[in-house]
Amino acid sequence: RLGRQALSERDRSRLEEGFFLNDSVMNFFIQLLTRYIIVSDRSREVHIFSTQFFTQLTGRGVASGQEGWMNVRTWTKRVPDVLGHRCLLVPINEATPSGCHWWVAAVELPAAAGATEGPRIGRLFQLDSLPSEEPEREEFRSKVIRFLRGYLQKEDEQRRSGSSTAASTSSAVGPPLRRLPFEVSDAPEQENGCDCGVFVLELCAELLRRGGECGELRGSGAGPKAWFGQQRASARRRVMREVAALLVEEAELQGCSDVATLLGEPSAVSPGSTATASASAEPSSSTALLARVRSLWAEAEAETEASEAMEATPPETQ
């Protein structure tokens, strides 16, 4: 268990090849990512919502994001200033004719002209590893855009009414939140019908490392399609199985199922690095376990980078 999210044996079986990741697996690894694996000043610029957030936002017969705000008004009570982040990530579970499909909506929040990094016009992005122009899917996408714009506008109104010192994103450059521009970003594409959840987690990890900088989502540079591909996603699924197995083994050894207790207090590390214990002190069991988890997680990148390097090497030099 990590926070309120338990991971049962049945949930862990979804990490095997060919299975669709469920909400429990997605939320467990989202928490593991944000609290323990990618922890830095840059990563704190990103907030990732639970996979149930959008379902709750649109539930109880509401007709708009403004109405739906009441359904989720307490969901960010532990987040000091959700609209103060650079980027918000909303995992979306969409029912399609062939089943369910995960994709992620990225919200780049606007920044006022006086912000440290300069003015930033906000934008909404869809990152979908299995894009489609089917009418049903386009209709659902329109619903997501409409509800998220409404939620953001209502959240901003509440934020301003509740605090005289809170900076309003509505006073930032660009259009108000209810009219944020929308773009479909050129996301990495899966080569099978079951890895959409893994692609969402990997996209979240990449944006955490980048501190929520969305320039590449807007078409600046090579774009997110160049970040990784199916090979990385396949390696990540294997690594997730190994991380889950490691945590289960440690929980049984210590007689404690609370992952937060097992891993201890996370230390901030730069993106891509792994935690190491101080040379002058023997690492605690939690420090050593956290280092092993981070090291395992990094294996997916290392494995695919080595494979890509081999593929790029001319045959006569291999």
# chains A, B, ... in the order shown; residues from 1 in each chain; ligands from 1

call {"tool": "residues_around", "arguments": {"residues": "Leu88 of chain A", "least_positions_apart": "4", "cutoff": "6 Å", "atoms": "only C-alpha atoms", "output": "list of chain:residue names"}}
result
A:Val46, A:His47, A:Ile48, A:Ala106, A:Val107

call {"tool": "write_last_selection", "arguments": {"atoms": "N, CA and C atoms", "output": "JSON list (two decimals), in the first residue's frame"}}
result
[["chain", "number", "residue", "atom", "x", "y", "z"],
["A", 46, "VAL", "N", 5.09, 19.95, -11.48],
["A", 46, "VAL", "CA", 4.07, 19.13, -12.14],
["A", 46, "VAL", "C", 3.17, 18.50, -11.09],
["A", 47, "HIS", "N", 1.87, 18.54, -11.33],
["A", 47, "HIS", "CA", 0.92, 17.82, -10.47],
["A", 47, "HIS", "C", 0.18, 16.80, -11.33],
["A", 48, "ILE", "N", 0.16, 15.54, -10.88],
["A", 48, "ILE", "CA", -0.54, 14.48, -11.61],
["A", 48, "ILE", "C", -1.77, 14.08, -10.80],
["A", 106, "ALA", "N", -2.58, 17.03, -20.84],
["A", 106, "ALA", "CA", -1.58, 17.88, -20.20],
["A", 106, "ALA", "C", -2.07, 19.32, -20.26],
["A", 107, "VAL", "N", -2.08, 19.98, -19.11],
["A", 107, "VAL", "CA", -2.50, 21.37, -19.04],
["A", 107, "VAL", "C", -1.28, 22.22, -18.73]]

call {"tool": "residues_around", "arguments": {"residues": "Glu303 of chain A", "least_positions_apart": "2", "cutoff": "12 Å", "atoms": "only C-alpha atoms", "output": "PyMOL selection string"}}
result
chain A and resi 228+231-236+238-239+296-301+305-310

call {"tool": "residues_around", "arguments": {"residues": "Leu203 of chain A", "least_positions_apart": "2", "cutoff": "9 Å", "atoms": "only C-alpha atoms", "output": "JSON, numbers by chain"}}
result
{"A": [104, 127, 187, 188, 198, 199, 200, 201, 205, 206, 207, 208, 224, 227, 228]}

call {"tool": "write_last_selection", "arguments": {"atoms": "N, CA and C atoms", "output": "PDB file, in the first residue's frame"}}
result
ATOM      1  N   VAL A 104      -3.436  10.741 -21.796  1.00  0.00           N
ATOM      2  CA  VAL A 104      -3.242  11.764 -20.771  1.00  0.00           C
ATOM      3  C   VAL A 104      -3.459  13.151 -21.364  1.00  0.00           C
ATOM      4  N   LEU A 127      -2.186  13.780 -25.281  1.00  0.00           N
ATOM      5  CA  LEU A 127      -1.082  12.866 -25.564  1.00  0.00           C
ATOM      6  C   LEU A 127      -1.667  11.464 -25.608  1.00  0.00           C
ATOM      7  N   ALA A 187       2.432  12.282 -29.994  1.00  0.00           N
ATOM      8  CA  ALA A 187       2.908  11.417 -28.913  1.00  0.00           C
ATOM      9  C   ALA A 187       3.530  10.137 -29.443  1.00  0.00           C
ATOM     10  N   PRO A 188       4.376   9.478 -28.630  1.00  0.00           N
ATOM     11  CA  PRO A 188       4.868   8.142 -28.999  1.00  0.00           C
ATOM     12  C   PRO A 188       3.687   7.198 -29.191  1.00  0.00           C
ATOM     13  N   VAL A 198       0.986   1.962 -19.824  1.00  0.00           N
ATOM     14  CA  VAL A 198       2.438   2.088 -19.662  1.00  0.00           C
ATOM     15  C   VAL A 198       2.924   3.358 -20.363  1.00  0.00           C
ATOM     16  N   PHE A 199       2.378   3.641 -21.541  1.00  0.00           N
ATOM     17  CA  PHE A 199       2.751   4.862 -22.266  1.00  0.00           C
ATOM     18  C   PHE A 199       2.358   6.104 -21.474  1.00  0.00           C
ATOM     19  N   VAL A 200       1.192   6.083 -20.833  1.00  0.00           N
ATOM     20  CA  VAL A 200       0.776   7.225 -20.017  1.00  0.00           C
ATOM     21  C   VAL A 200       1.743   7.436 -18.857  1.00  0.00           C
ATOM     22  N   LEU A 201       2.112   6.371 -18.163  1.00  0.00           N
ATOM     23  CA  LEU A 201       3.058   6.492 -17.056  1.00  0.00           C
ATOM     24  C   LEU A 201       4.410   7.003 -17.532  1.00  0.00           C
ATOM     25  N   ALA A 205       6.326  10.442 -16.511  1.00  0.00           N
ATOM     26  CA  ALA A 205       7.709  10.442 -16.012  1.00  0.00           C
ATOM     27  C   ALA A 205       8.567  11.429 -16.796  1.00  0.00           C
ATOM     28  N   GLU A 206       8.403  11.450 -18.106  1.00  0.00           N
ATOM     29  CA  GLU A 206       9.189  12.362 -18.943  1.00  0.00           C
ATOM     30  C   GLU A 206       8.870  13.822 -18.601  1.00  0.00           C
ATOM     31  N   LEU A 207       7.595  14.135 -18.405  1.00  0.00           N
ATOM     32  CA  LEU A 207       7.226  15.509 -18.080  1.00  0.00           C
ATOM     33  C   LEU A 207       7.653  15.886 -16.670  1.00  0.00           C
ATOM     34  N   LEU A 208       7.681  14.926 -15.750  1.00  0.00           N
ATOM     35  CA  LEU A 208       8.231  15.190 -14.422  1.00  0.00           C
ATOM     36  C   LEU A 208       9.711  15.560 -14.524  1.00  0.00           C
ATOM     37  N   PRO A 224       7.470  15.039 -28.392  1.00  0.00           N
ATOM     38  CA  PRO A 224       7.436  13.892 -27.477  1.00  0.00           C
ATOM     39  C   PRO A 224       7.559  12.547 -28.181  1.00  0.00           C
ATOM     40  N   TRP A 227      10.793  11.013 -27.557  1.00  0.00           N
ATOM     41  CA  TRP A 227      11.218  10.727 -26.191  1.00  0.00           C
ATOM     42  C   TRP A 227      11.443   9.240 -25.967  1.00  0.00           C
ATOM     43  N   PHE A 228      10.553   8.404 -26.484  1.00  0.00           N
ATOM     44  CA  PHE A 228      10.681   6.954 -26.311  1.00  0.00           C
ATOM     45  C   PHE A 228       9.716   6.278 -27.272  1.00  0.00           C
TER      46      PHE A 228
END

call {"tool": "closest_residue", "arguments": {"among": "A:Gln66, A:Pro135, A:Cys100, A:Leu290", "to": "Glu157 of chain A", "atoms": "only C-alpha atoms"}}
result
A:Gln66

call {"tool": "residues_around", "arguments": {"residues": "Ala245 of chain A", "least_positions_apart": "5", "cutoff": "9 Å", "atoms": "only C-alpha atoms", "output": "list in words"}}
result
Arg12, Met240 and Glu250 of chain A

call {"tool": "closest_atom_pairs", "arguments": {"of": "segment 89-144 of chain A", "to": "segment 26-42 of chain A", "cutoff": "12 Å", "atoms": "only C-alpha atoms", "output": "CSV"}}
result
residue,atom,partner,partner_atom,distance
A:Leu89,CA,A:Ile30,CA,10.7
A:Val90,CA,A:Ile30,CA,11.1
A:Pro91,CA,A:Met26,CA,9.0
A:Ile92,CA,A:Met26,CA,11.0
A:Asn93,CA,A:Met26,CA,10.7
A:Trp102,CA,A:Met26,CA,9.9
A:Trp103,CA,A:Met26,CA,11.7
A:Val104,CA,A:Met26,CA,11.9

call {"tool": "decode", "arguments": {"residues": "segment 36-47 of chain A", "atoms": "all heavy atoms", "output": "compact mmCIF listing (two decimals), in the first residue's frame"}}
result
# COMPACT_ATOMS: atom_id res chain seq x y z
N TYR A 36 8.78 9.28 -4.88
CA TYR A 36 10.04 8.59 -4.60
C TYR A 36 11.02 8.48 -5.77
O TYR A 36 12.23 8.51 -5.54
CB TYR A 36 9.75 7.17 -4.08
CG TYR A 36 9.11 7.17 -2.72
CD1 TYR A 36 7.74 7.01 -2.58
CD2 TYR A 36 9.87 7.38 -1.57
CE1 TYR A 36 7.14 7.05 -1.33
CE2 TYR A 36 9.29 7.41 -0.32
CZ TYR A 36 7.92 7.25 -0.20
OH TYR A 36 7.34 7.29 1.03
N ILE A 37 10.56 8.32 -6.97
CA ILE A 37 11.48 8.01 -8.06
C ILE A 37 12.01 9.27 -8.74
O ILE A 37 13.21 9.40 -8.97
CB ILE A 37 10.81 7.07 -9.09
CG1 ILE A 37 10.54 5.71 -8.44
CG2 ILE A 37 11.71 6.87 -10.31
CD1 ILE A 37 9.81 4.72 -9.33
N ILE A 38 11.13 10.19 -9.07
CA ILE A 38 11.57 11.44 -9.73
C ILE A 38 11.23 12.58 -8.79
O ILE A 38 10.11 13.11 -8.81
CB ILE A 38 10.90 11.61 -11.11
CG1 ILE A 38 11.19 10.41 -11.98
CG2 ILE A 38 11.41 12.89 -11.79
CD1 ILE A 38 10.51 10.43 -13.34
N VAL A 39 12.18 12.95 -7.96
CA VAL A 39 11.97 13.95 -6.93
C VAL A 39 13.00 15.05 -7.08
O VAL A 39 14.19 14.83 -6.87
CB VAL A 39 12.06 13.33 -5.51
CG1 VAL A 39 11.73 14.38 -4.46
CG2 VAL A 39 11.14 12.13 -5.39
N SER A 40 12.58 16.21 -7.49
CA SER A 40 13.49 17.34 -7.68
C SER A 40 12.68 18.62 -7.64
O SER A 40 11.44 18.61 -7.65
CB SER A 40 14.21 17.24 -9.03
OG SER A 40 13.30 17.44 -10.10
N ASP A 41 13.37 19.75 -7.61
CA ASP A 41 12.67 21.03 -7.66
C ASP A 41 11.88 21.15 -8.95
O ASP A 41 10.78 21.71 -8.98
CB ASP A 41 13.67 22.19 -7.55
CG ASP A 41 14.26 22.29 -6.14
OD1 ASP A 41 13.64 21.75 -5.20
OD2 ASP A 41 15.34 22.89 -6.00
N ARG A 42 12.44 20.61 -10.05
CA ARG A 42 11.74 20.68 -11.33
C ARG A 42 10.48 19.82 -11.33
O ARG A 42 9.43 20.23 -11.82
CB ARG A 42 12.69 20.22 -12.46
CG ARG A 42 13.72 21.26 -12.85
CD ARG A 42 14.79 20.65 -13.75
NE ARG A 42 14.23 20.15 -15.01
CZ ARG A 42 14.02 20.89 -16.09
NH1 ARG A 42 14.29 22.19 -16.06
NH2 ARG A 42 13.55 20.36 -17.20
N SER A 43 10.56 18.63 -10.77
CA SER A 43 9.40 17.74 -10.79
C SER A 43 8.25 18.30 -9.98
O SER A 43 7.08 17.98 -10.24
CB SER A 43 9.79 16.35 -10.28
OG SER A 43 10.04 16.36 -8.88
N ARG A 44 8.55 19.15 -9.00
CA ARG A 44 7.48 19.73 -8.19
C ARG A 44 6.66 20.77 -8.95
O ARG A 44 5.65 21.26 -8.45
CB ARG A 44 8.07 20.36 -6.92
CG ARG A 44 8.68 19.31 -5.97
CD ARG A 44 9.11 19.92 -4.65
NE ARG A 44 9.73 18.90 -3.80
CZ ARG A 44 11.03 18.69 -3.71
NH1 ARG A 44 11.87 19.44 -4.42
NH2 ARG A 44 11.52 17.75 -2.93
N GLU A 45 7.09 21.10 -10.15
CA GLU A 45 6.32 22.00 -11.01
C GLU A 45 5.15 21.27 -11.68
O GLU A 45 4.36 21.88 -12.38
CB GLU A 45 7.23 22.61 -12.09
CG GLU A 45 8.27 23.58 -11.56
CD GLU A 45 7.65 24.89 -11.11
OE1 GLU A 45 6.66 25.32 -11.72
OE2 GLU A 45 8.15 25.47 -10.14
N VAL A 46 5.09 19.95 -11.48
CA VAL A 46 4.07 19.13 -12.14
C VAL A 46 3.17 18.50 -11.09
O VAL A 46 3.65 17.97 -10.08
CB VAL A 46 4.74 18.01 -12.97
CG1 VAL A 46 3.68 17.16 -13.68
CG2 VAL A 46 5.71 18.60 -13.99
N HIS A 47 1.87 18.54 -11.33
CA HIS A 47 0.92 17.82 -10.47
C HIS A 47 0.18 16.80 -11.33
O HIS A 47 -0.38 17.15 -12.38
CB HIS A 47 -0.09 18.76 -9.82
CG HIS A 47 -1.12 18.05 -9.00
ND1 HIS A 47 -0.82 17.43 -7.80
CD2 HIS A 47 -2.44 17.79 -9.23
CE1 HIS A 47 -1.91 16.87 -7.31
NE2 HIS A 47 -2.91 17.05 -8.16
